[in-house]
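J.: Dropping a structure here in structure tokens format, bear with me for questions.
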Amino acid sequence: MENEQKPPKIQVGSFTIAFLTDGLWLNDGGCMFGVVPRELWKKDHPPDPQNRIRLNLTCPLIIRGNQAVLVDTGIGNRLRDVERKIFGHQDGWLPEGLAALGMEPGDITHVVLTHLHFDHCGGVVRRDPAHAFRAAFPRARYVVQRGELETARSSSNERLRAAYRHASECLEPIGSQLELIEGDTTIIAGVQALVTGGHTTDHQIVLVQDGQAAFVHLADIVPTRSHMKGPWNQSYDLDALTTMERKAHYLERAIMERWWISFAHDDQIFSAHVDREAGKLLLQDVVSVPPNLARRTAPLRAE
Ligand SMILES: [Zn+2]
């Protein structure tokens, strides 16, 4: 196995949080930073000749006792060859990451999907050697906002239909395991799904709290460290003003209450504490993405 390094972990009260990744991938920098000019984002996110930047597919795994809550599932192994080339992604590394923790897919009890875009829900299924799709986590309850599912299944809007064109392929094999929630919901004691909207109308994040200790996965309202800045938002956001308001709210709480935060797509940082100095946000206690992950992915170059 190439990826022998164990996923990094943090302790949040009695919870252990392991930072799994479904791999690094490439996506258009302009799509990732919306109204922010390329001249400003290219220093920290150097684009390749096709304007793609390197991104992560971070999936925190929240473990306590025999409960194991996975947040999002990355892209998985379902992409066709042409899409694999476009996104610089192959089979997805979640199974390897779990194995490195001494766990297997059947150990996952819950999968919380922040939303149903392909880079978050693609890994709910695995394509088997006969090219059939089956649930990637056979014993898990897959938790999703009812509104998000309804948008994915039935929107007639052209842009939304394109954003969810993979949805039936992903959702049909897990149909009996789907659990629909409406609004803020406790998943297991100490782990909550909180609706933010912004990126999608029903986008949710996951907050873990035990006593004074807390961790929040900000998913696609703060997908990289650069998106901590107010106006730095993805052009995918359906309501960027809501994204700005919600991320300001949660970053402030993270500063005041000393929460760990994590990002869905940062290629260098899994998690950190956040503080403010002279009006600027800065990260402390950084949990870095191991450099061997970067070496496994396609280098940034023209095809
Ligand atoms: Zn995303």
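Chain identifiers are assigned as A, B, and so on, following the order in which chains appear in the structure tokens; residues are numbered from 1 within each chain, and ligands are numbered from 1 in order of appearance.
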List the neighbours of range 155-162 of chain A out to 12 Å using only C-alpha atoms; skip same-chain residues closer than 4 positions along the sequence, and give me the result as a PyMOL selection string.
T.: chain A and resi 116-118+147-151+166-168+200-201+236-238
J.: Do you know which residues are at most 9 Å from Val191 in chain A counting only C-alpha atoms, after dropping those on the same chain fewer than 5 positions away, and could you put them as a VMD selection string?
T.: chain A and resid 62 69 185 to 186 206 to 210
J.: Can you tell me which residues come within 10 Å of ligand 1 when counting only C-alpha atoms and all ligand atoms, ideally as a list in words?
T.: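 If we count only C-alpha atoms and all ligand atoms, the neighbours of ligand 1 turn out to be Met32, Leu55, Asn56, Leu57, Thr58, Asp72, Gly74, Ile75, Thr114, His115, Leu116, His117, Phe118, Asp119, His120, Cys121, His199, Ala219, Asp220, Ile221, Val222, Pro223, Gln234, Tyr236, Phe263, Ala264 and His265 of chain A.
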J.: Provide the CA of Asn233 in chain A to CA of Pro291 in chain A distance in Å, to one decimal place.
T.: 26.3 Å
J.: Please return as a list in words: the residues of range 154-197 of chain A that backbone DSSP assigns to helix (DSSP H, G or I).
T.: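 Written out, the helix (DSSP H, G or I) residues of range 154-197 of chain A are Ser154, Glu158, Arg159, Leu160, Arg161, Ala162, Ala163, Ala167, Ser168, Glu169, Cys170, Leu171, Glu172, Pro173, Ile174, Gly175, Ser176 and Gln177 of chain A.
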J.: Skip Gly76 in chain A itself and residues of its chain fewer than 5 positions away, then list as a ChimeraX atom specification all residues within 7 Å of it, counting only C-alpha atoms.
T.: /A:22,91-92,122-123,126
J.: Expressed in Å to a single decimal, how great is the separation between CA of Ser14 in chain A and CA of Val111 in chain A?
T.: 19.6 Å
J.: Calculate how many Å separate CA of Gly29 in chain A from CA of Gln145 in chain A, rounding to one decimal.
T.: 28.3 Å
J.: Can you pull out the residues contacting Pro46 in chain A? Cut-off 12 Å, using only C-alpha atoms, and skip same-chain residues under 4 positions away; I want them as JSON, numbers by chain.
T.: {"A": [26, 27, 28, 29, 30, 38, 39, 40, 41, 42, 50, 51, 52, 53, 54, 55, 267, 299, 300, 301]}
J.: If you keep N, CA and C atoms, can you produce a file of those selected residues as a short mmCIF file (atom, residue, chain, number, x, y, z; two decimals), in the first residue's frame?
T.:
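File written: again-v3.cif
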data_model
loop_
_atom_site.label_atom_id
_atom_site.label_comp_id
_atom_site.auth_asym_id
_atom_site.auth_seq_id
_atom_site.Cartn_x
_atom_site.Cartn_y
_atom_site.Cartn_z
N LEU A 26 -7.84 18.50 -8.65
CA LEU A 26 -7.62 19.79 -9.28
C LEU A 26 -8.96 20.38 -9.71
N ASN A 27 -9.12 21.68 -9.48
CA ASN A 27 -10.33 22.34 -9.98
C ASN A 27 -9.98 23.78 -10.37
N ASP A 28 -10.80 24.35 -11.19
CA ASP A 28 -10.55 25.69 -11.72
C ASP A 28 -10.46 26.72 -10.58
N GLY A 29 -9.36 27.48 -10.57
CA GLY A 29 -9.15 28.47 -9.52
C GLY A 29 -10.20 29.57 -9.52
N GLY A 30 -10.63 29.96 -10.69
CA GLY A 30 -11.66 31.00 -10.77
C GLY A 30 -12.96 30.55 -10.13
N ARG A 38 -7.53 36.63 -9.95
CA ARG A 38 -6.49 35.60 -9.99
C ARG A 38 -5.16 36.11 -9.41
N GLU A 39 -4.83 37.39 -9.67
CA GLU A 39 -3.58 37.96 -9.16
C GLU A 39 -3.49 37.83 -7.64
N LEU A 40 -4.62 37.85 -6.97
CA LEU A 40 -4.60 37.77 -5.50
C LEU A 40 -4.52 36.33 -4.99
N TRP A 41 -5.23 35.38 -5.67
CA TRP A 41 -5.23 34.01 -5.12
C TRP A 41 -4.07 33.17 -5.61
N LYS A 42 -3.41 33.58 -6.73
CA LYS A 42 -2.45 32.67 -7.34
C LYS A 42 -1.18 32.45 -6.51
N GLN A 50 -3.92 25.07 -17.11
CA GLN A 50 -5.37 25.04 -17.35
C GLN A 50 -6.14 25.79 -16.27
N ASN A 51 -5.40 26.55 -15.49
CA ASN A 51 -5.97 27.38 -14.40
C ASN A 51 -6.51 26.56 -13.24
N ARG A 52 -6.07 25.28 -13.16
CA ARG A 52 -6.56 24.44 -12.05
C ARG A 52 -5.64 24.58 -10.84
N ILE A 53 -6.22 24.58 -9.66
CA ILE A 53 -5.42 24.61 -8.43
C ILE A 53 -5.59 23.29 -7.69
N ARG A 54 -4.61 23.00 -6.83
CA ARG A 54 -4.65 21.74 -6.09
C ARG A 54 -5.52 21.88 -4.86
N LEU A 55 -6.41 20.92 -4.68
CA LEU A 55 -7.37 20.95 -3.58
C LEU A 55 -7.39 19.59 -2.88
N ASP A 267 -5.33 22.14 0.55
CA ASP A 267 -4.34 21.12 0.17
C ASP A 267 -3.17 21.05 1.14
N PRO A 299 1.15 15.79 -10.74
CA PRO A 299 1.76 17.11 -10.58
C PRO A 299 0.98 18.15 -11.39
N LEU A 300 1.11 19.40 -10.97
CA LEU A 300 0.45 20.47 -11.70
C LEU A 300 1.20 20.73 -12.99
N ARG A 301 0.65 20.32 -14.09
CA ARG A 301 1.32 20.53 -15.37
C ARG A 301 0.30 20.46 -16.50
#
J.: What's around Trp232 in chain A at 9 Å? Count only C-alpha atoms, leave out sequence neighbours fewer than 2 positions away in its own chain, and write the answer as a PyMOL selection string.
T.: chain A and resi 32-36+222+226-230+234+244
J.: Enumerate the residues of range 112-169 of chain A with a DSSP assignment of strand (DSSP E or B), computed from the backbone, and present them as an MDAnalysis selection string.
T.: chainID A and resid 112 125:127 133:135 141:145
J.: Counting only C-alpha atoms, which of A:His217, A:Arg141, A:Arg276, A:Lys247 gets nearest to Gln67 in chain A?
T.: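 Closest to Gln67 in chain A of all the choices is A:Arg141.
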J.: Using only C-alpha atoms for the distances, tell me which of A:Thr224, A:Thr243, A:Trp259, A:His249 is nearest to His45 in chain A.
T.: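 Using only C-alpha atoms, the shortest distance to His45 in chain A belongs to A:Thr224.
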J.: Would you mind listing what lies within 7 Å of Val71 in chain A as a list in words, with only C-alpha atoms counted and same-chain residues fewer than 2 positions away left out?
T.: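 Here the answer would be Cys59, Pro60, Leu61, Val69, Thr73, Val111, Val112 and Leu113 of chain A.
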J.: Tell me which of A:Ile205, A:Val195, A:Leu70, A:Ile269 sits closest to Leu94 in chain A, counting only C-alpha atoms.
T.: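 Using only C-alpha atoms, the shortest distance to Leu94 in chain A belongs to A:Leu70.
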